[in-house]
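**Q** Contents are mmCIF, C-alpha atoms; file name data27.cif:
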data_my_file
#
loop_
_atom_site.label_atom_id
_atom_site.label_comp_id
_atom_site.auth_asym_id
_atom_site.auth_seq_id
_atom_site.Cartn_x
_atom_site.Cartn_y
_atom_site.Cartn_z
CA MET A 89 50.87 79.75 -26.27
CA VAL A 90 54.61 79.62 -25.58
CA LYS A 91 55.37 79.38 -29.30
CA ARG A 92 53.17 82.40 -30.05
CA PHE A 93 54.99 84.39 -27.37
CA PHE A 94 58.56 83.40 -28.14
CA GLY A 95 58.11 82.81 -31.86
CA PRO A 96 59.53 80.12 -34.17
CA ARG A 97 62.76 78.39 -33.21
CA GLY A 98 65.84 77.73 -35.24
CA LYS A 99 66.82 81.26 -36.20
CA LYS A 100 70.42 82.05 -35.35
CA PRO A 101 71.18 85.34 -33.58
CA ASP A 102 73.40 87.97 -35.16
CA THR A 103 76.72 86.95 -33.60
CA LEU A 104 78.56 90.08 -34.74
CA PHE A 105 75.90 92.33 -33.23
CA LEU A 106 76.02 90.45 -29.92
CA CYS A 107 79.81 90.66 -29.80
CA LEU A 108 79.73 94.40 -30.49
CA LEU A 109 77.06 94.87 -27.83
CA VAL A 110 79.08 93.02 -25.21
CA PHE A 111 82.25 94.88 -26.18
CA LEU A 112 80.61 98.32 -25.95
CA THR A 113 78.99 97.46 -22.62
CA VAL A 114 82.22 96.24 -21.04
CA PHE A 115 84.19 99.13 -22.55
CA GLY A 116 81.70 101.65 -21.16
CA LEU A 117 81.84 100.14 -17.67
CA VAL A 118 85.65 100.11 -17.72
CA MET A 119 85.77 103.76 -18.82
CA LEU A 120 83.23 104.72 -16.16
CA THR A 121 85.29 103.03 -13.46
CA SER A 122 88.54 104.56 -14.69
CA ALA A 123 87.10 108.08 -14.86
CA SER A 124 85.16 108.04 -11.59
CA SER A 125 87.17 105.93 -9.14
CA ASP A 126 89.11 108.83 -7.58
CA LEU A 127 85.99 110.99 -7.25
CA ALA A 128 84.00 108.10 -5.78
CA GLN A 129 86.76 107.40 -3.25
CA ALA A 130 86.87 111.05 -2.21
CA LYS A 131 83.09 111.49 -1.92
CA PHE A 132 81.91 108.09 -0.72
CA GLY A 133 85.04 106.31 0.50
CA GLU A 134 84.50 103.60 -2.10
CA SER A 135 86.21 103.67 -5.50
CA TRP A 136 83.63 101.27 -6.99
CA TYR A 137 80.61 103.37 -5.97
CA TYR A 138 79.66 104.68 -9.43
CA LEU A 139 80.29 101.31 -11.06
CA ARG A 140 78.07 99.56 -8.52
CA HIS A 141 75.40 102.24 -8.95
CA GLN A 142 75.49 101.83 -12.74
CA LEU A 143 75.31 98.04 -12.52
CA MET A 144 72.30 98.19 -10.20
CA ASN A 145 70.34 101.02 -11.80
CA GLY A 146 71.45 100.94 -15.41
CA PHE A 147 72.98 97.66 -16.50
CA SER A 148 70.47 95.42 -14.71
CA ILE A 149 67.48 97.24 -16.25
CA GLY A 150 69.15 97.23 -19.66
CA LEU A 151 69.85 93.51 -19.36
CA VAL A 152 66.18 92.78 -18.64
CA GLY A 153 65.21 94.87 -21.65
CA PHE A 154 67.76 93.10 -23.84
CA LEU A 155 66.53 89.65 -22.82
CA ALA A 156 62.93 90.70 -23.43
CA GLY A 157 63.81 92.01 -26.87
CA PHE A 158 65.96 88.99 -27.69
CA PHE A 159 63.61 86.19 -26.66
CA VAL A 160 60.13 87.66 -27.13
CA TYR A 161 58.78 87.26 -30.67
CA TYR A 162 58.60 90.59 -32.48
CA ARG A 163 54.93 90.03 -33.36
CA VAL A 164 54.17 90.18 -29.65
CA TRP A 165 55.70 93.67 -29.47
CA GLU A 166 53.61 94.66 -32.47
CA LYS A 167 50.44 93.34 -30.84
CA PHE A 168 50.99 95.28 -27.63
CA SER A 169 52.48 98.41 -29.20
CA ILE A 170 49.43 100.59 -28.48
CA PRO A 171 48.99 99.58 -24.79
CA PHE A 172 52.75 99.92 -24.29
CA LEU A 173 52.75 103.43 -25.73
CA LEU A 174 49.68 104.51 -23.73
CA PHE A 175 51.24 103.14 -20.54
CA THR A 176 54.42 105.11 -21.21
CA LEU A 177 52.48 108.31 -21.92
CA VAL A 178 50.65 107.91 -18.61
CA LEU A 179 53.99 107.57 -16.83
CA LEU A 180 55.22 110.63 -18.69
CA ALA A 181 52.22 112.64 -17.49
CA LEU A 182 52.73 111.49 -13.90
CA VAL A 183 55.92 113.55 -13.60
CA TRP A 184 53.64 116.58 -12.99
CA THR A 185 51.88 114.85 -10.09
CA PRO A 186 53.14 114.35 -6.50
CA LEU A 187 54.87 111.21 -7.78
CA GLY A 188 57.14 113.38 -9.90
CA VAL A 189 60.57 114.39 -8.64
CA HIS A 190 62.13 117.75 -9.50
CA LEU A 191 65.76 117.05 -10.35
CA LYS A 192 68.39 118.80 -12.45
CA GLY A 193 66.14 121.71 -13.33
CA GLY A 194 63.16 119.80 -14.69
CA GLU A 195 60.17 117.58 -14.01
CA ARG A 196 61.65 114.60 -15.83
CA TRP A 197 61.82 112.05 -13.06
CA LEU A 198 59.33 109.70 -11.45
CA SER A 199 59.72 108.10 -8.04
CA ALA A 200 59.06 104.37 -7.73
CA GLY A 201 59.85 104.24 -4.03
CA PHE A 202 63.33 102.76 -3.90
CA PHE A 203 64.58 104.38 -7.11
CA THR A 204 63.80 107.19 -9.55
CA PHE A 205 63.64 106.92 -13.31
CA GLN A 206 62.82 108.95 -16.41
CA PRO A 207 59.68 107.81 -18.26
CA SER A 208 61.07 109.52 -21.36
CA GLU A 209 63.72 106.79 -21.56
CA LEU A 210 60.97 104.18 -21.83
CA LEU A 211 59.20 106.35 -24.39
CA LYS A 212 62.18 105.99 -26.73
CA LEU A 213 61.33 102.32 -27.01
CA SER A 214 57.53 102.34 -26.89
CA PHE A 215 57.07 105.18 -29.39
CA LEU A 216 59.40 103.67 -31.98
CA ILE A 217 57.78 100.23 -31.63
CA TYR A 218 54.39 101.85 -32.14
CA LEU A 219 55.56 103.83 -35.18
CA ALA A 220 57.12 100.75 -36.77
CA SER A 221 53.97 98.68 -36.23
CA TRP A 222 51.78 101.55 -37.45
CA PHE A 223 53.65 101.80 -40.74
CA ALA A 224 53.81 98.00 -41.05
CA ARG A 225 50.01 97.71 -41.02
CA SER A 226 49.79 99.45 -44.40
CA LYS A 227 52.46 99.38 -47.11
CA THR A 228 51.10 102.57 -48.68
CA ARG A 229 50.73 104.60 -45.48
CA SER A 230 54.24 106.05 -45.59
CA LYS A 231 53.62 107.38 -49.10
CA SER A 232 50.25 108.97 -48.31
CA PHE A 233 49.97 112.63 -47.35
CA PHE A 234 46.76 112.59 -45.31
CA GLY A 235 46.98 108.93 -44.32
CA GLY A 236 50.64 108.93 -43.34
CA PHE A 237 52.50 112.24 -43.34
CA VAL A 238 49.92 114.33 -41.45
CA PRO A 239 49.25 111.72 -38.72
CA PHE A 240 53.01 111.17 -38.40
CA LEU A 241 53.58 114.88 -37.76
CA MET A 242 50.71 114.98 -35.26
CA LEU A 243 52.04 111.96 -33.34
CA VAL A 244 55.61 113.19 -33.27
CA GLY A 245 54.51 116.75 -32.47
CA ALA A 246 52.41 115.64 -29.49
CA VAL A 247 55.32 113.66 -28.07
CA MET A 248 57.72 116.56 -28.64
CA VAL A 249 55.41 118.94 -26.74
CA LEU A 250 55.27 116.59 -23.75
CA LEU A 251 59.04 116.18 -23.67
CA ILE A 252 59.96 119.83 -24.16
CA ALA A 253 57.48 120.85 -21.45
CA GLN A 254 59.43 118.85 -18.84
CA PRO A 255 61.94 120.01 -20.26
CA SER A 256 63.76 117.09 -21.84
CA THR A 257 65.04 118.61 -25.06
CA ALA A 258 67.84 116.10 -25.63
CA THR A 259 65.41 113.18 -25.45
CA ALA A 260 63.02 115.02 -27.77
CA ILE A 261 65.77 115.43 -30.37
CA ILE A 262 66.76 111.76 -30.11
CA ILE A 263 63.17 110.55 -30.48
CA PHE A 264 62.53 112.87 -33.42
CA ALA A 265 65.67 111.64 -35.20
CA ALA A 266 64.75 108.00 -34.54
CA ALA A 267 61.15 108.57 -35.68
CA PHE A 268 62.47 110.25 -38.82
CA LEU A 269 64.64 107.19 -39.48
CA VAL A 270 61.66 104.83 -39.00
CA TYR A 271 59.65 106.94 -41.45
CA PHE A 272 62.51 106.81 -43.95
CA VAL A 273 62.88 103.01 -43.67
CA ALA A 274 59.09 102.65 -44.07
CA GLY A 275 59.44 104.18 -47.53
CA ALA A 276 58.48 107.82 -47.08
CA ARG A 277 58.61 110.12 -50.06
CA PHE A 278 61.62 112.44 -50.13
CA HIS A 279 59.56 115.64 -50.08
CA PHE A 280 57.70 114.39 -47.00
CA LEU A 281 61.01 113.87 -45.20
CA ALA A 282 62.28 117.27 -46.29
CA ALA A 283 59.06 118.91 -45.11
CA ALA A 284 59.30 117.16 -41.73
CA VAL A 285 62.86 118.43 -41.23
CA LEU A 286 61.85 121.94 -42.27
CA ILE A 287 58.89 121.99 -39.88
CA ALA A 288 61.10 120.73 -37.04
CA ALA A 289 63.72 123.39 -37.78
CA LEU A 290 61.13 126.18 -37.83
CA GLY A 291 59.55 124.85 -34.65
#
As a first step, turn the structure in this file into structure tokens.
**A**
Amino acid sequence: MVKRFFGPRGKKPDTLFLCLLVFLTVFGLVMLTSASSDLAQAKFGESWYYLRHQLMNGFSIGLVGFLAGFFVYYRVWEKFSIPFLLFTLVLLALVWTPLGVHLKGGERWLSAGFFTFQPSELLKLSFLIYLASWFARSKTRSKSFFGGFVPFLMLVGAVMVLLIAQPSTATAIIIFAAAFLVYFVAGARFHFLAAAVLIAALG
């Protein structure tokens, strides 16, 4: 059971990638502290306020996600890609219920009691995992018009509608670009990619 969950042993991690990840994380935290210390001292009487807030609400969650992605076998993510996506879509829909929090001009936030978060951030992960597993199930799907291109547009379009309705346009653009990249890596035909970009531009 443990082997099925964590996968085969003996594979070395990408050391360069890990070093770059650590460097970018530390660099970002240092820049955040440098840029916000005076403002934090003036507003909250504590120069480390924004750093502490980021460590608690951003870094800690990201670290859990990193460890999950690092240690959990990728086949497990593939197996649970559909439930994960459905769960995220439910969270995304809950922003229009009393659990949703209106902040920064949109219904993008969800209250979990002691903190608020954006379900669209989780959607970035769940949707791309689902797309990757969907294309991986059939080697010819990415090259098929009705079996690949049309369903791809419908999936991406449905997600875009949900995000823009919040509105969360920036997240919608990021997810579309990432989905486009997944489609490209899966082996999509060039005219399918060009048509997808054209449809997105006209939309």
**Q** As a check of understanding, name the residues that the PyMOL selection byres ((chain A and resi 262-270) around 8) selects in the supplied structure, as a ChimeraX atom specification.
**A** /A:212,216,219-220,244,248,258-261,271-274,281
**Q** Could the residues in this selection be written to a file with C-alpha atoms, as a PDB file, in the coordinates of the input?
**A**
ATOM      1  CA  LYS A 212      62.180 105.990 -26.730  1.00  0.00           C
ATOM      2  CA  LEU A 216      59.400 103.670 -31.980  1.00  0.00           C
ATOM      3  CA  LEU A 219      55.560 103.830 -35.180  1.00  0.00           C
ATOM      4  CA  ALA A 220      57.120 100.750 -36.770  1.00  0.00           C
ATOM      5  CA  VAL A 244      55.610 113.190 -33.270  1.00  0.00           C
ATOM      6  CA  MET A 248      57.720 116.560 -28.640  1.00  0.00           C
ATOM      7  CA  ALA A 258      67.840 116.100 -25.630  1.00  0.00           C
ATOM      8  CA  THR A 259      65.410 113.180 -25.450  1.00  0.00           C
ATOM      9  CA  ALA A 260      63.020 115.020 -27.770  1.00  0.00           C
ATOM     10  CA  ILE A 261      65.770 115.430 -30.370  1.00  0.00           C
ATOM     11  CA  TYR A 271      59.650 106.940 -41.450  1.00  0.00           C
ATOM     12  CA  PHE A 272      62.510 106.810 -43.950  1.00  0.00           C
ATOM     13  CA  VAL A 273      62.880 103.010 -43.670  1.00  0.00           C
ATOM     14  CA  ALA A 274      59.090 102.650 -44.070  1.00  0.00           C
ATOM     15  CA  LEU A 281      61.010 113.870 -45.200  1.00  0.00           C
TER      16      LEU A 281
END
**Q** Provide the CA of Leu108 (chain A) to CA of Phe159 (chain A) distance in Å, to one decimal place.
**A**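 Separation of CA of Leu108 (chain A) and CA of Phe159 (chain A): 18.5 Å.
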**Q** Please determine, counting all atoms listed in the file, which residue among A:Ala128, A:Leu112, A:Ile287, A:Ala276 has the shortest atom-to-atom distance to Gly235 (chain A).
**A**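 With all atoms listed in the file as the atom set, the closest residue is A:Ala276.
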**Q** Starting from the displayed file, determine the output of the PyMOL selection byres ((chain A and resi 163-167) around 10) and express the residue list as a PyMOL selection string.
**A** chain A and resi 92-95+156-157+160-162+168-172+214+217-222+224-225
**Q** In terms of the shortest atom-to-atom distance over all atoms listed in the file, which of A:Val247, A:Phe237, A:Phe158, A:Leu177 is closest to Pro101 (chain A)?
**A**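 Answer, going by the shortest atom-to-atom distance: A:Phe158.
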**Q** Could you work out how far CA of His141 (chain A) lies from CA of Ala181 (chain A), giving the answer in Å with one decimal?
**A**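 CA of Ala181 (chain A) sits 26.8 Å away from CA of His141 (chain A).
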**Q** Counting all atoms listed in the file, write as an MDAnalysis selection string all protein and nucleic acid residues lying at most 6 Å from (54.6, 108.5, -51.3) in the file's frame.
**A** chainID A and resid 231:232 276:277
**Q** Mind giving me the straight-line distance from CA of Val183 (chain A) to CA of Leu198 (chain A) in Å, one decimal?
**A**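 These two atoms are separated by 5.6 Å.
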**Q** Restricting the calculation to all atoms listed in the file, which member of A:Phe105, A:Phe233, A:Leu243, A:Pro207 is positioned closest to His279 (chain A)?
**A**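 Using all atoms listed in the file, His279 (chain A) sits closest to A:Phe233.
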**Q** So that I can see what lies close to Tyr138 (chain A), please list as a ChimeraX atom specification the residues with an atom at most 8 Å from it, counting all atoms listed in the file and leaving out residues fewer than 3 positions away in the same chain.
**A** /A:120-121,124-125,128,135,141-142
**Q** Kindly indicate which residue among A:Val238, A:Phe175, A:Ala123, A:Leu251 lies nearest to Ser208 (chain A), using all atoms listed in the file for the distances.
**A**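 Using all atoms listed in the file, the shortest distance to Ser208 (chain A) belongs to A:Leu251.
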